[in-house]
Amino acid sequence: AHSVAEHTLALMLAAARQIPANDAALRRDEWPRGQMTQLTGKTLGLIGLGAIGRQTARIARGIGMRLIAWTFHPDDAFAKELEIEWVELDALYERADVVSIHVRQTPDTEGMVGEEAFARMKPGAILVNTARGPIVDEEALVRALTEGPLAAAGLDVFGKEPLPSGHPIARLPNAVLSPHNAGVTPEVTEAGLL
């Protein structure tokens, strides 16, 4: 949970601060000066509050984010401890500056973040997925990143892995990608969790 939650925060920050695009521009001898997103004071919408979702909530609270959440199994004591507001999914999509996915892949969750969800998200929102690729409709995600409302996405998981050559998501400068390695650390390996 710690390793994946840290990676979730890294993707969130990289997307908000446009770190990959700025890094690439500097390597091309450019000096970009565009606006970035500050996460302190922003609202993080957590979809799922299992072990990883809870650890992500703790870290996000630590950098000053407001927390709203939807989960299959609400824990009021934990919500009170971190000042998490329970909301319905539609309200989460409408209010969150960052939407972070932490549910298991099941028949009920496959494709749950799709066209309708993206249509409800506020302009400039960021999506982070370190759960499972099929939870997000990738075609709808590509449209949301190119046509709006999403400003960026941080993705560690994909519908098909490894990511196929020429996949549209890999061509988008506002998509920060990692190869499903959020939980690959020496600590996780030593604990026998890989």
# chains A, B, ... in the order shown; residues from 1 in each chain; ligands from 1
$ residues_around --residues "Leu39 (chain A)" --least-positions-apart "6" --cutoff "8 Å" --atoms "only C-alpha atoms" --output "PyMOL selection string"
chain A and resi 13+16+63-65
$ write_last_selection --atoms "C-alpha atoms" --output "PDB file, in the first residue's frame"
ATOM      1  CA  LEU A  13       2.461  15.684  -8.918  1.00  0.00           C
ATOM      2  CA  ALA A  16      -0.079  18.630 -12.113  1.00  0.00           C
ATOM      3  CA  ILE A  63       0.372  18.004   1.434  1.00  0.00           C
ATOM      4  CA  GLY A  64      -2.773  19.958   2.276  1.00  0.00           C
ATOM      5  CA  MET A  65      -5.391  18.478  -0.043  1.00  0.00           C
TER       6      MET A  65
END
$ select_by_dssp --residues "region 8-170 of chain A" --states "alpha helix (DSSP H)" --output "ChimeraX atom specification"
/A:8-16,19-27,51-62,76-82,89-95,115-120,138-147
$ residues_around --residues "region 117-127 of chain A" --least-positions-apart "2" --cutoff "9 Å" --atoms "only C-alpha atoms" --output "JSON, numbers by chain"
{"A": [12, 15, 16, 89, 90, 91, 92, 93, 94, 95, 96, 97, 98, 99, 100, 101, 112, 113, 114, 115, 129, 140, 141, 144, 148, 149, 150, 151, 152, 153, 154, 155]}
$ residues_around --residues "Thr106 (chain A)" --least-positions-apart "5" --cutoff "10 Å" --atoms "only C-alpha atoms" --output "list in words"
Gly111, Arg132, Pro134 and Ile135 of chain A
$ residues_around --residues "Ser3 (chain A)" --least-positions-apart "6" --cutoff "12 Å" --atoms "only C-alpha atoms" --output "PDB file with all heavy atoms, in the first residue's frame"
ATOM      1  N   LEU A   9       0.955   9.464  -5.667  1.00  0.00           N
ATOM      2  CA  LEU A   9       1.292  10.867  -5.431  1.00  0.00           C
ATOM      3  C   LEU A   9       2.304  11.366  -6.467  1.00  0.00           C
ATOM      4  O   LEU A   9       2.188  12.486  -6.965  1.00  0.00           O
ATOM      5  CB  LEU A   9       1.842  11.076  -4.024  1.00  0.00           C
ATOM      6  CG  LEU A   9       2.208  12.525  -3.701  1.00  0.00           C
ATOM      7  CD1 LEU A   9       0.966  13.413  -3.663  1.00  0.00           C
ATOM      8  CD2 LEU A   9       2.966  12.615  -2.398  1.00  0.00           C
ATOM      9  N   ALA A  10       3.279  10.535  -6.814  1.00  0.00           N
ATOM     10  CA  ALA A  10       4.273  10.932  -7.813  1.00  0.00           C
ATOM     11  C   ALA A  10       3.608  11.214  -9.161  1.00  0.00           C
ATOM     12  O   ALA A  10       3.907  12.221  -9.812  1.00  0.00           O
ATOM     13  CB  ALA A  10       5.339   9.843  -7.964  1.00  0.00           C
ATOM     14  N   ALA A  51      -6.647  -0.467   1.419  1.00  0.00           N
ATOM     15  CA  ALA A  51      -5.334  -0.149   1.991  1.00  0.00           C
ATOM     16  C   ALA A  51      -4.608   0.927   1.188  1.00  0.00           C
ATOM     17  O   ALA A  51      -4.036   1.866   1.761  1.00  0.00           O
ATOM     18  CB  ALA A  51      -4.487  -1.416   2.083  1.00  0.00           C
ATOM     19  N   ILE A  52      -4.619   0.833  -0.140  1.00  0.00           N
ATOM     20  CA  ILE A  52      -3.903   1.806  -0.967  1.00  0.00           C
ATOM     21  C   ILE A  52      -4.622   3.151  -0.951  1.00  0.00           C
ATOM     22  O   ILE A  52      -3.998   4.203  -0.819  1.00  0.00           O
ATOM     23  CB  ILE A  52      -3.723   1.277  -2.403  1.00  0.00           C
ATOM     24  CG1 ILE A  52      -2.824   0.042  -2.400  1.00  0.00           C
ATOM     25  CG2 ILE A  52      -3.151   2.364  -3.318  1.00  0.00           C
ATOM     26  CD1 ILE A  52      -2.824  -0.743  -3.701  1.00  0.00           C
ATOM     27  N   GLY A  53      -5.927   3.133  -1.078  1.00  0.00           N
ATOM     28  CA  GLY A  53      -6.696   4.367  -1.028  1.00  0.00           C
ATOM     29  C   GLY A  53      -6.506   5.099   0.292  1.00  0.00           C
ATOM     30  O   GLY A  53      -6.371   6.327   0.332  1.00  0.00           O
ATOM     31  N   GLN A  55      -3.867   4.895   2.340  1.00  0.00           N
ATOM     32  CA  GLN A  55      -2.513   5.454   2.414  1.00  0.00           C
ATOM     33  C   GLN A  55      -2.388   6.671   1.505  1.00  0.00           C
ATOM     34  O   GLN A  55      -1.738   7.649   1.854  1.00  0.00           O
ATOM     35  CB  GLN A  55      -1.467   4.395   2.057  1.00  0.00           C
ATOM     36  CG  GLN A  55      -0.045   4.827   2.292  1.00  0.00           C
ATOM     37  CD  GLN A  55       0.238   5.210   3.747  1.00  0.00           C
ATOM     38  OE1 GLN A  55      -0.378   4.717   4.683  1.00  0.00           O
ATOM     39  NE2 GLN A  55       1.187   6.111   3.937  1.00  0.00           N
ATOM     40  N   THR A  56      -3.022   6.631   0.349  1.00  0.00           N
ATOM     41  CA  THR A  56      -3.027   7.792  -0.548  1.00  0.00           C
ATOM     42  C   THR A  56      -3.706   8.969   0.142  1.00  0.00           C
ATOM     43  O   THR A  56      -3.228  10.106   0.059  1.00  0.00           O
ATOM     44  CB  THR A  56      -3.734   7.450  -1.873  1.00  0.00           C
ATOM     45  OG1 THR A  56      -3.040   6.362  -2.503  1.00  0.00           O
ATOM     46  CG2 THR A  56      -3.757   8.640  -2.815  1.00  0.00           C
ATOM     47  N   ILE A  59      -1.281  10.562   2.661  1.00  0.00           N
ATOM     48  CA  ILE A  59      -0.234  11.352   2.008  1.00  0.00           C
ATOM     49  C   ILE A  59      -0.811  12.655   1.454  1.00  0.00           C
ATOM     50  O   ILE A  59      -0.225  13.727   1.611  1.00  0.00           O
ATOM     51  CB  ILE A  59       0.445  10.534   0.887  1.00  0.00           C
ATOM     52  CG1 ILE A  59       1.208   9.345   1.478  1.00  0.00           C
ATOM     53  CG2 ILE A  59       1.392  11.409   0.075  1.00  0.00           C
ATOM     54  CD1 ILE A  59       1.727   8.369   0.430  1.00  0.00           C
ATOM     55  N   THR A 130      -3.841   3.926 -10.535  1.00  0.00           N
ATOM     56  CA  THR A 130      -2.833   2.939 -10.162  1.00  0.00           C
ATOM     57  C   THR A 130      -3.526   1.639  -9.743  1.00  0.00           C
ATOM     58  O   THR A 130      -2.904   0.778  -9.128  1.00  0.00           O
ATOM     59  CB  THR A 130      -1.944   3.453  -9.004  1.00  0.00           C
ATOM     60  OG1 THR A 130      -2.773   3.870  -7.914  1.00  0.00           O
ATOM     61  CG2 THR A 130      -1.069   4.607  -9.453  1.00  0.00           C
ATOM     62  N   ASN A 181       4.401  -0.449 -12.562  1.00  0.00           N
ATOM     63  CA  ASN A 181       5.487  -0.766 -11.626  1.00  0.00           C
ATOM     64  C   ASN A 181       5.378   0.002 -10.309  1.00  0.00           C
ATOM     65  O   ASN A 181       6.347   0.138  -9.581  1.00  0.00           O
ATOM     66  CB  ASN A 181       6.851  -0.527 -12.276  1.00  0.00           C
ATOM     67  CG  ASN A 181       7.109   0.936 -12.612  1.00  0.00           C
ATOM     68  OD1 ASN A 181       6.216   1.781 -12.558  1.00  0.00           O
ATOM     69  ND2 ASN A 181       8.340   1.232 -12.981  1.00  0.00           N
ATOM     70  N   ALA A 182       4.187   0.501  -9.983  1.00  0.00           N
ATOM     71  CA  ALA A 182       3.993   1.291  -8.767  1.00  0.00           C
ATOM     72  C   ALA A 182       4.398   0.532  -7.510  1.00  0.00           C
ATOM     73  O   ALA A 182       4.878   1.122  -6.551  1.00  0.00           O
ATOM     74  CB  ALA A 182       2.540   1.747  -8.649  1.00  0.00           C
ATOM     75  N   GLY A 183       4.213  -0.760  -7.513  1.00  0.00           N
ATOM     76  CA  GLY A 183       4.536  -1.551  -6.323  1.00  0.00           C
ATOM     77  C   GLY A 183       5.864  -2.273  -6.392  1.00  0.00           C
ATOM     78  O   GLY A 183       6.144  -3.142  -5.569  1.00  0.00           O
ATOM     79  N   VAL A 184       6.700  -1.912  -7.365  1.00  0.00           N
ATOM     80  CA  VAL A 184       7.971  -2.622  -7.542  1.00  0.00           C
ATOM     81  C   VAL A 184       9.086  -1.845  -6.834  1.00  0.00           C
ATOM     82  O   VAL A 184       9.689  -0.937  -7.397  1.00  0.00           O
ATOM     83  CB  VAL A 184       8.298  -2.812  -9.036  1.00  0.00           C
ATOM     84  CG1 VAL A 184       9.597  -3.592  -9.203  1.00  0.00           C
ATOM     85  CG2 VAL A 184       7.159  -3.531  -9.745  1.00  0.00           C
ATOM     86  N   THR A 185       9.302  -2.209  -5.575  1.00  0.00           N
ATOM     87  CA  THR A 185      10.379  -1.612  -4.780  1.00  0.00           C
ATOM     88  C   THR A 185      11.082  -2.732  -4.020  1.00  0.00           C
ATOM     89  O   THR A 185      10.503  -3.808  -3.810  1.00  0.00           O
ATOM     90  CB  THR A 185       9.827  -0.587  -3.764  1.00  0.00           C
ATOM     91  OG1 THR A 185       8.981  -1.268  -2.824  1.00  0.00           O
ATOM     92  CG2 THR A 185       9.051   0.536  -4.450  1.00  0.00           C
ATOM     93  N   PRO A 186      12.313  -2.492  -3.566  1.00  0.00           N
ATOM     94  CA  PRO A 186      12.991  -3.525  -2.772  1.00  0.00           C
ATOM     95  C   PRO A 186      12.209  -3.898  -1.510  1.00  0.00           C
ATOM     96  O   PRO A 186      12.170  -5.068  -1.123  1.00  0.00           O
ATOM     97  CB  PRO A 186      14.332  -2.873  -2.414  1.00  0.00           C
ATOM     98  CG  PRO A 186      14.565  -1.859  -3.472  1.00  0.00           C
ATOM     99  CD  PRO A 186      13.198  -1.360  -3.850  1.00  0.00           C
ATOM    100  N   GLU A 187      11.553  -2.908  -0.900  1.00  0.00           N
ATOM    101  CA  GLU A 187      10.796  -3.185   0.318  1.00  0.00           C
ATOM    102  C   GLU A 187       9.635  -4.140   0.059  1.00  0.00           C
ATOM    103  O   GLU A 187       9.373  -5.043   0.849  1.00  0.00           O
ATOM    104  CB  GLU A 187      10.270  -1.867   0.914  1.00  0.00           C
ATOM    105  CG  GLU A 187      11.355  -0.944   1.445  1.00  0.00           C
ATOM    106  CD  GLU A 187      12.026  -0.089   0.366  1.00  0.00           C
ATOM    107  OE1 GLU A 187      11.663  -0.198  -0.837  1.00  0.00           O
ATOM    108  OE2 GLU A 187      12.918   0.691   0.715  1.00  0.00           O
ATOM    109  N   VAL A 188       8.950  -3.941  -1.067  1.00  0.00           N
ATOM    110  CA  VAL A 188       7.823  -4.823  -1.418  1.00  0.00           C
ATOM    111  C   VAL A 188       8.351  -6.220  -1.737  1.00  0.00           C
ATOM    112  O   VAL A 188       7.792  -7.227  -1.308  1.00  0.00           O
ATOM    113  CB  VAL A 188       7.025  -4.230  -2.602  1.00  0.00           C
ATOM    114  CG1 VAL A 188       5.988  -5.232  -3.111  1.00  0.00           C
ATOM    115  CG2 VAL A 188       6.335  -2.941  -2.172  1.00  0.00           C
ATOM    116  N   THR A 189       9.462  -6.292  -2.469  1.00  0.00           N
ATOM    117  CA  THR A 189      10.055  -7.578  -2.817  1.00  0.00           C
ATOM    118  C   THR A 189      10.495  -8.330  -1.562  1.00  0.00           C
ATOM    119  O   THR A 189      10.208  -9.520  -1.403  1.00  0.00           O
ATOM    120  CB  THR A 189      11.252  -7.382  -3.770  1.00  0.00           C
ATOM    121  OG1 THR A 189      10.801  -6.681  -4.935  1.00  0.00           O
ATOM    122  CG2 THR A 189      11.843  -8.719  -4.188  1.00  0.00           C
ATOM    123  N   ALA A 191       9.364  -8.041   1.392  1.00  0.00           N
ATOM    124  CA  ALA A 191       8.190  -8.460   2.172  1.00  0.00           C
ATOM    125  C   ALA A 191       7.451  -9.624   1.518  1.00  0.00           C
ATOM    126  O   ALA A 191       6.504 -10.161   2.062  1.00  0.00           O
ATOM    127  CB  ALA A 191       7.243  -7.274   2.362  1.00  0.00           C
ATOM    128  N   LEU A 193       5.702  -9.535  -1.294  1.00  0.00           N
ATOM    129  CA  LEU A 193       4.403  -9.116  -1.795  1.00  0.00           C
ATOM    130  C   LEU A 193       4.344  -9.048  -3.307  1.00  0.00           C
ATOM    131  O   LEU A 193       3.316  -8.724  -3.882  1.00  0.00           O
ATOM    132  CB  LEU A 193       4.020  -7.763  -1.194  1.00  0.00           C
ATOM    133  CG  LEU A 193       3.910  -7.768   0.335  1.00  0.00           C
ATOM    134  CD1 LEU A 193       3.693  -6.359   0.854  1.00  0.00           C
ATOM    135  CD2 LEU A 193       2.783  -8.680   0.788  1.00  0.00           C
ATOM    136  N   LEU A 194       5.453  -9.314  -4.002  1.00  0.00           N
ATOM    137  CA  LEU A 194       5.442  -9.303  -5.469  1.00  0.00           C
ATOM    138  C   LEU A 194       5.293 -10.696  -6.020  1.00  0.00           C
ATOM    139  O   LEU A 194       5.761 -11.638  -5.507  1.00  0.00           O
ATOM    140  CB  LEU A 194       6.738  -8.697  -6.012  1.00  0.00           C
ATOM    141  CG  LEU A 194       6.722  -7.213  -6.252  1.00  0.00           C
ATOM    142  CD1 LEU A 194       8.034  -6.746  -6.845  1.00  0.00           C
ATOM    143  CD2 LEU A 194       5.580  -6.765  -7.141  1.00  0.00           C
TER     144      LEU A 194
END
$ closest_residue --among "A:Ile68, A:Ala57, A:Val157, A:Gly166" --to "Pro179 (chain A)" --atoms "only C-alpha atoms"
A:Val157
$ closest_residue --among "A:Gly41, A:Pro164, A:Gly50, A:Pro20" --to "His73 (chain A)" --atoms "only C-alpha atoms"
A:Gly50
$ residues_around --residues "Ala69 (chain A)" --least-positions-apart "2" --cutoff "6 Å" --atoms "only C-alpha atoms" --output "VMD selection string"
chain A and resid 45 to 47 86 to 87
$ write_last_selection --atoms "N, CA and C atoms" --output "mmCIF file, in the first residue's frame"
data_model
loop_
_atom_site.group_PDB
_atom_site.id
_atom_site.type_symbol
_atom_site.label_atom_id
_atom_site.label_comp_id
_atom_site.auth_asym_id
_atom_site.auth_seq_id
_atom_site.Cartn_x
_atom_site.Cartn_y
_atom_site.Cartn_z
ATOM 1 N N GLY A 45 -10.482 13.440 -5.036
ATOM 2 C CA GLY A 45 -11.598 12.504 -4.980
ATOM 3 C C GLY A 45 -11.072 11.093 -5.084
ATOM 4 N N LEU A 46 -11.241 10.332 -4.031
ATOM 5 C CA LEU A 46 -10.754 8.956 -3.970
ATOM 6 C C LEU A 46 -11.887 7.993 -4.282
ATOM 7 N N ILE A 47 -11.687 7.177 -5.295
ATOM 8 C CA ILE A 47 -12.658 6.126 -5.624
ATOM 9 C C ILE A 47 -12.108 4.838 -5.045
ATOM 10 N N TRP A 86 -17.767 11.775 2.677
ATOM 11 C CA TRP A 86 -18.346 10.760 1.798
ATOM 12 C C TRP A 86 -19.251 11.448 0.792
ATOM 13 N N VAL A 87 -19.136 11.084 -0.475
ATOM 14 C CA VAL A 87 -19.983 11.647 -1.523
ATOM 15 C C VAL A 87 -20.382 10.534 -2.485
#
$ closest_residue --among "A:Val103, A:Gly192, A:Ala131, A:Leu49" --to "His7 (chain A)" --atoms "only C-alpha atoms"
A:Ala131
$ atom_distance --atom1 "CA of His180 (chain A)" --atom2 "CA of Val4 (chain A)"
10.0 Å
$ atom_distance --atom1 "CA of Leu26 (chain A)" --atom2 "CA of Leu145 (chain A)"
23.1 Å
$ atom_distance --atom1 "CA of Arg17 (chain A)" --atom2 "CA of Leu44 (chain A)"
15.7 Å
$ select_by_dssp --residues "chain A" --states "strand (DSSP E or B)" --output "ChimeraX atom specification"
/A:43-47,66-70,84-86,98-101,113,126-129,136,152-155,175-177
$ write_last_selection --atoms "N, CA, C and O atoms" --output "short mmCIF file (atom, residue, chain, number, x, y, z; two decimals), in the first residue's frame"
data_model
loop_
_atom_site.label_atom_id
_atom_site.label_comp_id
_atom_site.auth_asym_id
_atom_site.auth_seq_id
_atom_site.Cartn_x
_atom_site.Cartn_y
_atom_site.Cartn_z
N THR A 43 -8.99 19.61 -4.16
CA THR A 43 -9.81 18.49 -3.69
C THR A 43 -9.41 17.21 -4.41
O THR A 43 -9.43 17.15 -5.63
N LEU A 44 -9.06 16.22 -3.61
CA LEU A 44 -8.75 14.88 -4.13
C LEU A 44 -9.98 14.01 -3.94
O LEU A 44 -10.48 13.86 -2.82
N GLY A 45 -10.48 13.44 -5.04
CA GLY A 45 -11.60 12.50 -4.98
C GLY A 45 -11.07 11.09 -5.08
O GLY A 45 -10.51 10.71 -6.11
N LEU A 46 -11.24 10.33 -4.03
CA LEU A 46 -10.75 8.96 -3.97
C LEU A 46 -11.89 7.99 -4.28
O LEU A 46 -12.92 8.01 -3.62
N ILE A 47 -11.69 7.18 -5.30
CA ILE A 47 -12.66 6.13 -5.62
C ILE A 47 -12.11 4.84 -5.05
O ILE A 47 -11.19 4.23 -5.59
N ARG A 66 -7.80 18.68 0.28
CA ARG A 66 -9.10 18.32 0.85
C ARG A 66 -9.47 16.96 0.30
O ARG A 66 -9.17 16.65 -0.86
N LEU A 67 -10.17 16.15 1.09
CA LEU A 67 -10.47 14.78 0.69
C LEU A 67 -11.96 14.52 0.63
O LEU A 67 -12.69 14.79 1.58
N ILE A 68 -12.40 14.00 -0.51
CA ILE A 68 -13.74 13.45 -0.65
C ILE A 68 -13.57 12.03 -1.16
O ILE A 68 -12.57 11.71 -1.80
N ALA A 69 -14.54 11.16 -0.87
CA ALA A 69 -14.36 9.77 -1.28
C ALA A 69 -15.70 9.08 -1.49
O ALA A 69 -16.72 9.44 -0.91
N TRP A 70 -15.63 8.05 -2.34
CA TRP A 70 -16.71 7.10 -2.54
C TRP A 70 -16.06 5.72 -2.44
O TRP A 70 -14.97 5.49 -2.97
N ILE A 84 -12.43 13.15 5.85
CA ILE A 84 -12.87 12.76 4.51
C ILE A 84 -14.39 12.90 4.45
O ILE A 84 -15.10 12.42 5.33
N GLU A 85 -14.87 13.52 3.41
CA GLU A 85 -16.31 13.66 3.21
C GLU A 85 -16.77 12.56 2.25
O GLU A 85 -16.23 12.42 1.15
N TRP A 86 -17.77 11.77 2.68
CA TRP A 86 -18.35 10.76 1.80
C TRP A 86 -19.25 11.45 0.79
O TRP A 86 -20.05 12.31 1.15
N VAL A 98 -8.62 16.37 -8.57
CA VAL A 98 -7.88 15.15 -8.93
C VAL A 98 -8.77 13.96 -8.56
O VAL A 98 -9.28 13.90 -7.44
N VAL A 99 -8.96 13.04 -9.49
CA VAL A 99 -9.71 11.81 -9.24
C VAL A 99 -8.69 10.67 -9.24
O VAL A 99 -7.96 10.49 -10.21
N SER A 100 -8.64 9.93 -8.14
CA SER A 100 -7.67 8.84 -8.00
C SER A 100 -8.41 7.53 -7.77
O SER A 100 -9.25 7.43 -6.86
N ILE A 101 -8.11 6.52 -8.58
CA ILE A 101 -8.85 5.26 -8.58
C ILE A 101 -8.13 4.21 -7.74
O ILE A 101 -6.95 3.93 -7.95
N VAL A 113 -15.24 4.20 -15.07
CA VAL A 113 -14.84 5.58 -15.35
C VAL A 113 -14.78 5.71 -16.87
O VAL A 113 -13.81 5.31 -17.51
N ILE A 126 -7.57 16.26 -13.11
CA ILE A 126 -6.51 15.28 -13.36
C ILE A 126 -7.03 13.92 -12.92
O ILE A 126 -7.65 13.80 -11.86
N LEU A 127 -6.79 12.89 -13.73
CA LEU A 127 -7.16 11.51 -13.38
C LEU A 127 -5.88 10.73 -13.10
O LEU A 127 -4.92 10.82 -13.87
N VAL A 128 -5.89 9.96 -12.01
CA VAL A 128 -4.76 9.07 -11.69
C VAL A 128 -5.31 7.67 -11.52
O VAL A 128 -6.29 7.45 -10.79
N ASN A 129 -4.68 6.71 -12.19
CA ASN A 129 -5.10 5.31 -12.06
C ASN A 129 -3.90 4.43 -11.78
O ASN A 129 -3.05 4.21 -12.65
N VAL A 136 -10.98 1.98 -16.38
CA VAL A 136 -11.15 3.20 -17.17
C VAL A 136 -11.37 2.84 -18.63
O VAL A 136 -10.63 2.02 -19.19
N ALA A 152 -4.92 16.53 -17.49
CA ALA A 152 -3.83 15.56 -17.49
C ALA A 152 -4.29 14.25 -16.86
O ALA A 152 -5.34 14.19 -16.21
N ALA A 153 -3.47 13.22 -17.04
CA ALA A 153 -3.70 11.93 -16.40
C ALA A 153 -2.36 11.34 -16.02
O ALA A 153 -1.36 11.54 -16.72
N GLY A 154 -2.35 10.61 -14.92
CA GLY A 154 -1.19 9.84 -14.49
C GLY A 154 -1.61 8.39 -14.44
O GLY A 154 -2.52 8.03 -13.69
N LEU A 155 -0.98 7.55 -15.25
CA LEU A 155 -1.43 6.17 -15.41
C LEU A 155 -0.30 5.17 -15.19
O LEU A 155 0.75 5.28 -15.81
N ALA A 175 -0.34 13.08 -20.70
CA ALA A 175 -0.46 11.79 -20.03
C ALA A 175 0.90 11.38 -19.50
O ALA A 175 1.87 11.28 -20.26
N VAL A 176 0.98 11.17 -18.19
CA VAL A 176 2.21 10.71 -17.55
C VAL A 176 2.05 9.21 -17.35
O VAL A 176 1.09 8.75 -16.71
N LEU A 177 2.97 8.44 -17.90
CA LEU A 177 2.82 6.99 -17.95
C LEU A 177 3.95 6.27 -17.22
O LEU A 177 5.10 6.67 -17.30
#
$ decode --residues "region 119-136 of chain A" --atoms "N, CA, C and O atoms" --output "compact mmCIF listing (two decimals), in the first residue's frame"
# COMPACT_ATOMS: atom_id res chain seq x y z
N ALA A 119 -17.63 13.38 -18.58
CA ALA A 119 -18.51 14.51 -18.87
C ALA A 119 -18.86 15.30 -17.60
O ALA A 119 -19.11 16.50 -17.65
N ARG A 120 -18.83 14.63 -16.45
CA ARG A 120 -19.15 15.29 -15.18
C ARG A 120 -17.93 16.00 -14.56
O ARG A 120 -18.10 16.85 -13.69
N MET A 121 -16.73 15.61 -14.97
CA MET A 121 -15.53 16.17 -14.34
C MET A 121 -15.35 17.63 -14.70
O MET A 121 -15.70 18.07 -15.79
N LYS A 122 -14.78 18.37 -13.77
CA LYS A 122 -14.60 19.80 -13.98
C LYS A 122 -13.46 20.05 -14.96
O LYS A 122 -12.51 19.24 -15.05
N PRO A 123 -13.52 21.13 -15.71
CA PRO A 123 -12.42 21.46 -16.62
C PRO A 123 -11.11 21.60 -15.83
O PRO A 123 -11.08 22.21 -14.77
N GLY A 124 -10.06 20.99 -16.37
CA GLY A 124 -8.75 21.06 -15.71
C GLY A 124 -8.49 19.96 -14.71
O GLY A 124 -7.44 19.93 -14.08
N ALA A 125 -9.42 19.02 -14.57
CA ALA A 125 -9.23 17.92 -13.62
C ALA A 125 -8.10 17.00 -14.07
O ALA A 125 -7.72 16.97 -15.25
N ILE A 126 -7.57 16.26 -13.11
CA ILE A 126 -6.51 15.28 -13.36
C ILE A 126 -7.03 13.92 -12.92
O ILE A 126 -7.65 13.80 -11.86
N LEU A 127 -6.79 12.89 -13.73
CA LEU A 127 -7.16 11.51 -13.38
C LEU A 127 -5.88 10.73 -13.10
O LEU A 127 -4.92 10.82 -13.87
N VAL A 128 -5.89 9.96 -12.01
CA VAL A 128 -4.76 9.07 -11.69
C VAL A 128 -5.31 7.67 -11.52
O VAL A 128 -6.29 7.45 -10.79
N ASN A 129 -4.68 6.71 -12.19
CA ASN A 129 -5.10 5.31 -12.06
C ASN A 129 -3.90 4.43 -11.78
O ASN A 129 -3.05 4.21 -12.65
N THR A 130 -3.84 3.93 -10.54
CA THR A 130 -2.83 2.94 -10.16
C THR A 130 -3.53 1.64 -9.74
O THR A 130 -2.90 0.78 -9.13
N ALA A 131 -4.82 1.50 -10.09
CA ALA A 131 -5.58 0.30 -9.72
C ALA A 131 -5.46 -0.75 -10.83
O ALA A 131 -4.51 -1.53 -10.82
N ARG A 132 -6.36 -0.71 -11.79
CA ARG A 132 -6.33 -1.63 -12.93
C ARG A 132 -6.82 -0.88 -14.16
O ARG A 132 -7.77 -0.10 -14.09
N GLY A 133 -6.20 -1.17 -15.31
CA GLY A 133 -6.52 -0.47 -16.54
C GLY A 133 -7.96 -0.56 -16.98
O GLY A 133 -8.57 0.45 -17.35
N PRO A 134 -8.59 -1.76 -16.97
CA PRO A 134 -9.94 -1.87 -17.49
C PRO A 134 -11.01 -1.11 -16.70
O PRO A 134 -12.15 -1.01 -17.14
N ILE A 135 -10.67 -0.56 -15.54
CA ILE A 135 -11.63 0.24 -14.79
C ILE A 135 -11.94 1.53 -15.56
O ILE A 135 -13.02 2.09 -15.44
N VAL A 136 -10.98 1.98 -16.38
CA VAL A 136 -11.15 3.20 -17.17
C VAL A 136 -11.37 2.84 -18.63
O VAL A 136 -10.63 2.02 -19.19
